[in-house]
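Working notes, structure below.
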Amino acid sequence: MNRNLLHWPVVVVVCTLATTNALGQSSGEPAARLVEQPAPAGLNQFRVSARMGYNISAHLENVGVSAGQTFPQPPPPKDPSRHFESATGVSYQDGYVGIDESGNAPLPGQTQGRTFYWGYARQDQIADLNHDGIGDTLLLSHSASGTLLQDFKNDPQAGLEVSYARQLGQREGSTFGIETAFSYTSLDLRAHGIADPRVLGVDAFSLGNPPIVPPSVVPYAGPFQLEPPFGAPSIYDTPTLHPVNIDSSFDAAIYGLKVGPYFEFPLAKRLSFALSGGFSLLIADSDFRIQQSVAVPSPGIASGTVSGSSLGVLPGAYAAGRLSLMASDSVNVFTGLQYESNGHHSQSLAGKRVDIDFWNAIYWTFGVSYSF
């Protein structure tokens with residue numbers, strides 16, 4: 001995004017003050033005489049203003065994998081009244097650890113439960129976390145739908161607006177007409193932290209001490225019940241949780257177009273207030289980047305960075321109020337507030353989705369206008 005936009009508010013303020021001062025000096029009269037100048041007679045008006053956006057937030061979600069997409073699927077118990085039950089209450093995307101026919105009874109002399117009702121999809125899920133050259137841990141990843149991080153924002157968001165107004169009539173000192181405006185806002189939203197472990201994470205199950213030799217044929221799907229005289233290897237059913245670190249950024253160029261009627265009322269000789277509202281349209285040209293990392297080398301949730309771009313069109317409505325101070329017959333300085341409601345813009349990338357909320361955006365504007 002163009003960071004030079006951040007200098008626009010300063011430029012507008014300096015230009016506004018310089019214009020006001022120059023007009024006052026060129027008149028050759030004291031500044032107080034401006035109060036006596038007549039109201040502008042021009043029917044057309046151009047306005048240039050800086051604007052600062054508030055209450056624009058982002059929501060980062062995980063798209064997730066349903067329980068029916070688990071691979072391999074656990075073989076059902078032969079007893080039709082029984083069904084698969086996860087030992088952890090979690091549905092994994094690349095395997096399972098369930099409660100077997102023994103209820104995950106521990107081995108003699110031990111207290112931690114073990115189960116032979118487990119399975120995994122790939123050989124690289126068996127990790128050597130003790131770094132002794134022997135596979136000692138089963139890594140299973142889970143990815144459910146839900147919010148990864150709390151909503152984040154970065155107020156204010158700097159922008160620029162150029163508008164044109166045409167007076168259509170007047171009554172008892174008040175004027176009315178139609179206005180249109182073009183705006184640009186540089187959106188910069190960033191968040192980082194640990195993903196909600198209920199939504200995204202890696203669980204590490206010990207294969208024992210010494211560890212069992214895992215089956216060499218994959219995918220492997222252990223049974224609910226043992227079939228004599230055959231046995232099945234068992235693992236511990238309580239995992240070690242490994243969280244996923246998320247670092248995300250959302251940069252966007254937001255182009256806006258507004259059109260609607262306005263009504264302007266005099267408050268004093270040099271002071272007026274205007275109300276306006278109508279249709280607004282936002283075009284969001286966005287770049288979304290997300291980096292994730294996990295302490296263990298999980299094949300299901302890989303560490304790395306991905307990025308992508310998208311374009312969104314968001315129709316909506318706006319309402320605005322503006323306070324103007326007359327500096328001369330044709331030049332005003334003004335400030336105002338704008339409320340815009342344009343829905344939300346979503347972008348998906350690598351199983352993640354960012355949702356940008358433009359429902360209740362507030363903009364503070366300040367600038368200068370010229371009537372002719």
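The way I read the labels, and the way they are meant: chains A, B, ... in the order of the structure tokens, residue 1 as the first residue of every chain, and ligand 1 as the first ligand shown, with later ones counted on from there.
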Can you tell me which residues surround Leu275 (chain A) at a distance of at most 10 Å, considering only C-alpha atoms, apart from same-chain residues fewer than 2 positions away, and format the answer as a PDB file with C-alpha atoms, in the first residue's frame?
ATOM      1  CA  PHE A 176     -30.105  22.249  -1.271  1.00  0.00           C
ATOM      2  CA  PRO A 261     -28.689  15.105  -1.883  1.00  0.00           C
ATOM      3  CA  TYR A 262     -27.476  17.699   0.602  1.00  0.00           C
ATOM      4  CA  PHE A 263     -29.146  20.449   2.643  1.00  0.00           C
ATOM      5  CA  GLU A 264     -27.164  23.396   4.051  1.00  0.00           C
ATOM      6  CA  PHE A 265     -28.421  25.722   6.794  1.00  0.00           C
ATOM      7  CA  PHE A 273     -24.058  23.320   8.701  1.00  0.00           C
ATOM      8  CA  GLY A 277     -26.840  11.142   2.586  1.00  0.00           C
ATOM      9  CA  ALA A 319     -25.016   9.867   6.053  1.00  0.00           C
ATOM     10  CA  ALA A 320     -22.867  12.902   6.831  1.00  0.00           C
ATOM     11  CA  GLY A 321     -22.766  16.201   8.665  1.00  0.00           C
ATOM     12  CA  ARG A 322     -20.405  19.060   7.832  1.00  0.00           C
ATOM     13  CA  LEU A 323     -19.625  22.362   9.588  1.00  0.00           C
ATOM     14  CA  GLY A 336     -17.354  16.866   9.440  1.00  0.00           C
ATOM     15  CA  GLN A 338     -19.468  10.616   7.898  1.00  0.00           C
TER      16      GLN A 338
END
Sorted by chain and rising residue number, which residues of region 220-248 of chain A lie within 9 Å of region 85-96 of chain A, and what are their closest atom pairs and distances in Å to one decimal, counting only C-alpha atoms, as JSON lines?
{"residue": "A:Tyr220", "atom": "CA", "partner": "A:Gly95", "partner_atom": "CA", "distance": 8.6}
{"residue": "A:Ala221", "atom": "CA", "partner": "A:Gly95", "partner_atom": "CA", "distance": 8.2}
{"residue": "A:Asp237", "atom": "CA", "partner": "A:Ala87", "partner_atom": "CA", "distance": 6.3}
{"residue": "A:Thr238", "atom": "CA", "partner": "A:Thr88", "partner_atom": "CA", "distance": 7.3}
{"residue": "A:Pro239", "atom": "CA", "partner": "A:Thr88", "partner_atom": "CA", "distance": 8.1}
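With CA of Ala302 (chain A) on one side and CA of Thr147 (chain A) on the other, the separation reads 19.1 Å.
If you measure from each of A:Ala274, A:Val199, A:Ala268, A:Ala144 to Thr175 (chain A) using only C-alpha atoms, the closest one turns out to be A:Ala274.
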Inset, instruction - Tell me, in Å to one decimal, how far CA of His83 (chain A) is from CA of Pro106 (chain A). - result: 21.1 Å
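Distances here use only C-alpha atoms; by that measure, the residue among A:Thr70, A:Ser348, A:Ser141, A:Ser310 closest to Thr240 (chain A) is A:Ser141.
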Inset, instruction - Name all residues at most 7 Å from Arg289 (chain A) (count only C-alpha atoms; drop same-chain ones fewer than 6 positions away) and give them as a ChimeraX atom specification. - result: /A:248-250,306-308
Legend entry - Selection: 10 Å around region 339-342 of chain A, only C-alpha atoms, excl. self and same-chain fewer than 2 positions, as a ChimeraX atom specification: /A:53-54,258,277-282,313-321,337,344-345,357-364
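Using only C-alpha atoms, the shortest contact distance between Asn104 (chain A) and any of A:Leu149, A:Leu160, A:Leu129, A:Ile235 is found at A:Ile235.
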Inset, instruction - Among the residues of region 69-135 of chain A, find those DSSP assigns to strand (DSSP E or B) from the backbone and print them as a ChimeraX atom specification. - result: /A:86,95-98,114-115,118-120,126-127
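Interatomic distance, CA of Asp155 (chain A) against CA of Ile356 (chain A): 13.5 Å.
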Inset, instruction - Write out as a ChimeraX atom specification each polymer residue whose atoms come within 12 Å of Ser234 (chain A), counting only C-alpha atoms; drop sequence neighbours fewer than 2 positions from it. - result: /A:97-100,102,104-107,113-119,138,205-209,211-215,221-226,231-232,236-237
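Take the candidates A:Asp124, A:Asp251, A:Asp355, A:Asp287 and check each one against Asp151 (chain A) using only C-alpha atoms; the shortest distance goes to A:Asp355.
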Legend entry - Selection: 7 Å around Pro219 (chain A), only C-alpha atoms, excl. self and same-chain fewer than 2 positions, as a list of chain:residue names: A:Pro72, A:Tyr120, A:Ala121, A:Arg122, A:Val217, A:Ala221
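Residues in contact with region 243-246 of chain A at 7 Å, where only C-alpha atoms are counted and same-chain residues fewer than 3 positions away are skipped, are listed as His192, Gly193, Ile194, Ala195, Pro197, Leu200, Gly201, Val202, Gln291, Gln292, Ser293 and Val294 of chain A.
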Write the residues of the preceding selection, restricted to N, CA, C and O atoms, as a PDB file, in the first residue's frame.
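Writing the result to result-v5.pdb gives the following:
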ATOM      1  N   HIS A 192      -1.449 -10.799  15.503  1.00  0.00           N
ATOM      2  CA  HIS A 192      -0.615 -11.974  15.718  1.00  0.00           C
ATOM      3  C   HIS A 192      -0.931 -12.533  17.110  1.00  0.00           C
ATOM      4  O   HIS A 192      -1.397 -11.826  18.002  1.00  0.00           O
ATOM      5  N   GLY A 193      -0.680 -13.819  17.258  1.00  0.00           N
ATOM      6  CA  GLY A 193      -0.943 -14.470  18.535  1.00  0.00           C
ATOM      7  C   GLY A 193      -1.065 -15.963  18.351  1.00  0.00           C
ATOM      8  O   GLY A 193      -0.780 -16.522  17.281  1.00  0.00           O
ATOM      9  N   ILE A 194      -1.504 -16.638  19.414  1.00  0.00           N
ATOM     10  CA  ILE A 194      -1.693 -18.088  19.396  1.00  0.00           C
ATOM     11  C   ILE A 194      -3.131 -18.387  19.012  1.00  0.00           C
ATOM     12  O   ILE A 194      -4.069 -17.838  19.595  1.00  0.00           O
ATOM     13  N   ALA A 195      -3.303 -19.251  18.023  1.00  0.00           N
ATOM     14  CA  ALA A 195      -4.639 -19.617  17.575  1.00  0.00           C
ATOM     15  C   ALA A 195      -5.395 -20.327  18.695  1.00  0.00           C
ATOM     16  O   ALA A 195      -4.802 -21.037  19.520  1.00  0.00           O
ATOM     17  N   PRO A 197      -6.783 -22.942  20.684  1.00  0.00           N
ATOM     18  CA  PRO A 197      -6.455 -24.377  20.596  1.00  0.00           C
ATOM     19  C   PRO A 197      -7.671 -25.270  20.352  1.00  0.00           C
ATOM     20  O   PRO A 197      -7.513 -26.422  19.955  1.00  0.00           O
ATOM     21  N   LEU A 200      -7.565 -24.832  16.196  1.00  0.00           N
ATOM     22  CA  LEU A 200      -6.416 -25.253  15.401  1.00  0.00           C
ATOM     23  C   LEU A 200      -5.280 -25.653  16.326  1.00  0.00           C
ATOM     24  O   LEU A 200      -4.946 -24.921  17.263  1.00  0.00           O
ATOM     25  N   GLY A 201      -4.673 -26.814  16.081  1.00  0.00           N
ATOM     26  CA  GLY A 201      -3.576 -27.249  16.922  1.00  0.00           C
ATOM     27  C   GLY A 201      -3.044 -28.615  16.517  1.00  0.00           C
ATOM     28  O   GLY A 201      -3.585 -29.273  15.618  1.00  0.00           O
ATOM     29  N   VAL A 202      -1.975 -29.011  17.179  1.00  0.00           N
ATOM     30  CA  VAL A 202      -1.342 -30.318  16.943  1.00  0.00           C
ATOM     31  C   VAL A 202      -1.247 -31.037  18.280  1.00  0.00           C
ATOM     32  O   VAL A 202      -0.772 -30.468  19.265  1.00  0.00           O
ATOM     33  N   GLN A 291       1.030 -16.083   8.146  1.00  0.00           N
ATOM     34  CA  GLN A 291       2.159 -16.942   8.480  1.00  0.00           C
ATOM     35  C   GLN A 291       1.784 -17.753   9.713  1.00  0.00           C
ATOM     36  O   GLN A 291       1.287 -17.205  10.702  1.00  0.00           O
ATOM     37  N   GLN A 292       2.001 -19.042   9.656  1.00  0.00           N
ATOM     38  CA  GLN A 292       1.721 -19.889  10.807  1.00  0.00           C
ATOM     39  C   GLN A 292       2.921 -20.779  11.098  1.00  0.00           C
ATOM     40  O   GLN A 292       3.673 -21.156  10.198  1.00  0.00           O
ATOM     41  N   SER A 293       3.096 -21.095  12.375  1.00  0.00           N
ATOM     42  CA  SER A 293       4.213 -21.936  12.782  1.00  0.00           C
ATOM     43  C   SER A 293       3.795 -22.750  13.984  1.00  0.00           C
ATOM     44  O   SER A 293       2.957 -22.330  14.794  1.00  0.00           O
ATOM     45  N   VAL A 294       4.386 -23.934  14.111  1.00  0.00           N
ATOM     46  CA  VAL A 294       4.113 -24.830  15.228  1.00  0.00           C
ATOM     47  C   VAL A 294       5.438 -25.431  15.678  1.00  0.00           C
ATOM     48  O   VAL A 294       6.355 -25.622  14.868  1.00  0.00           O
TER      49      VAL A 294
END
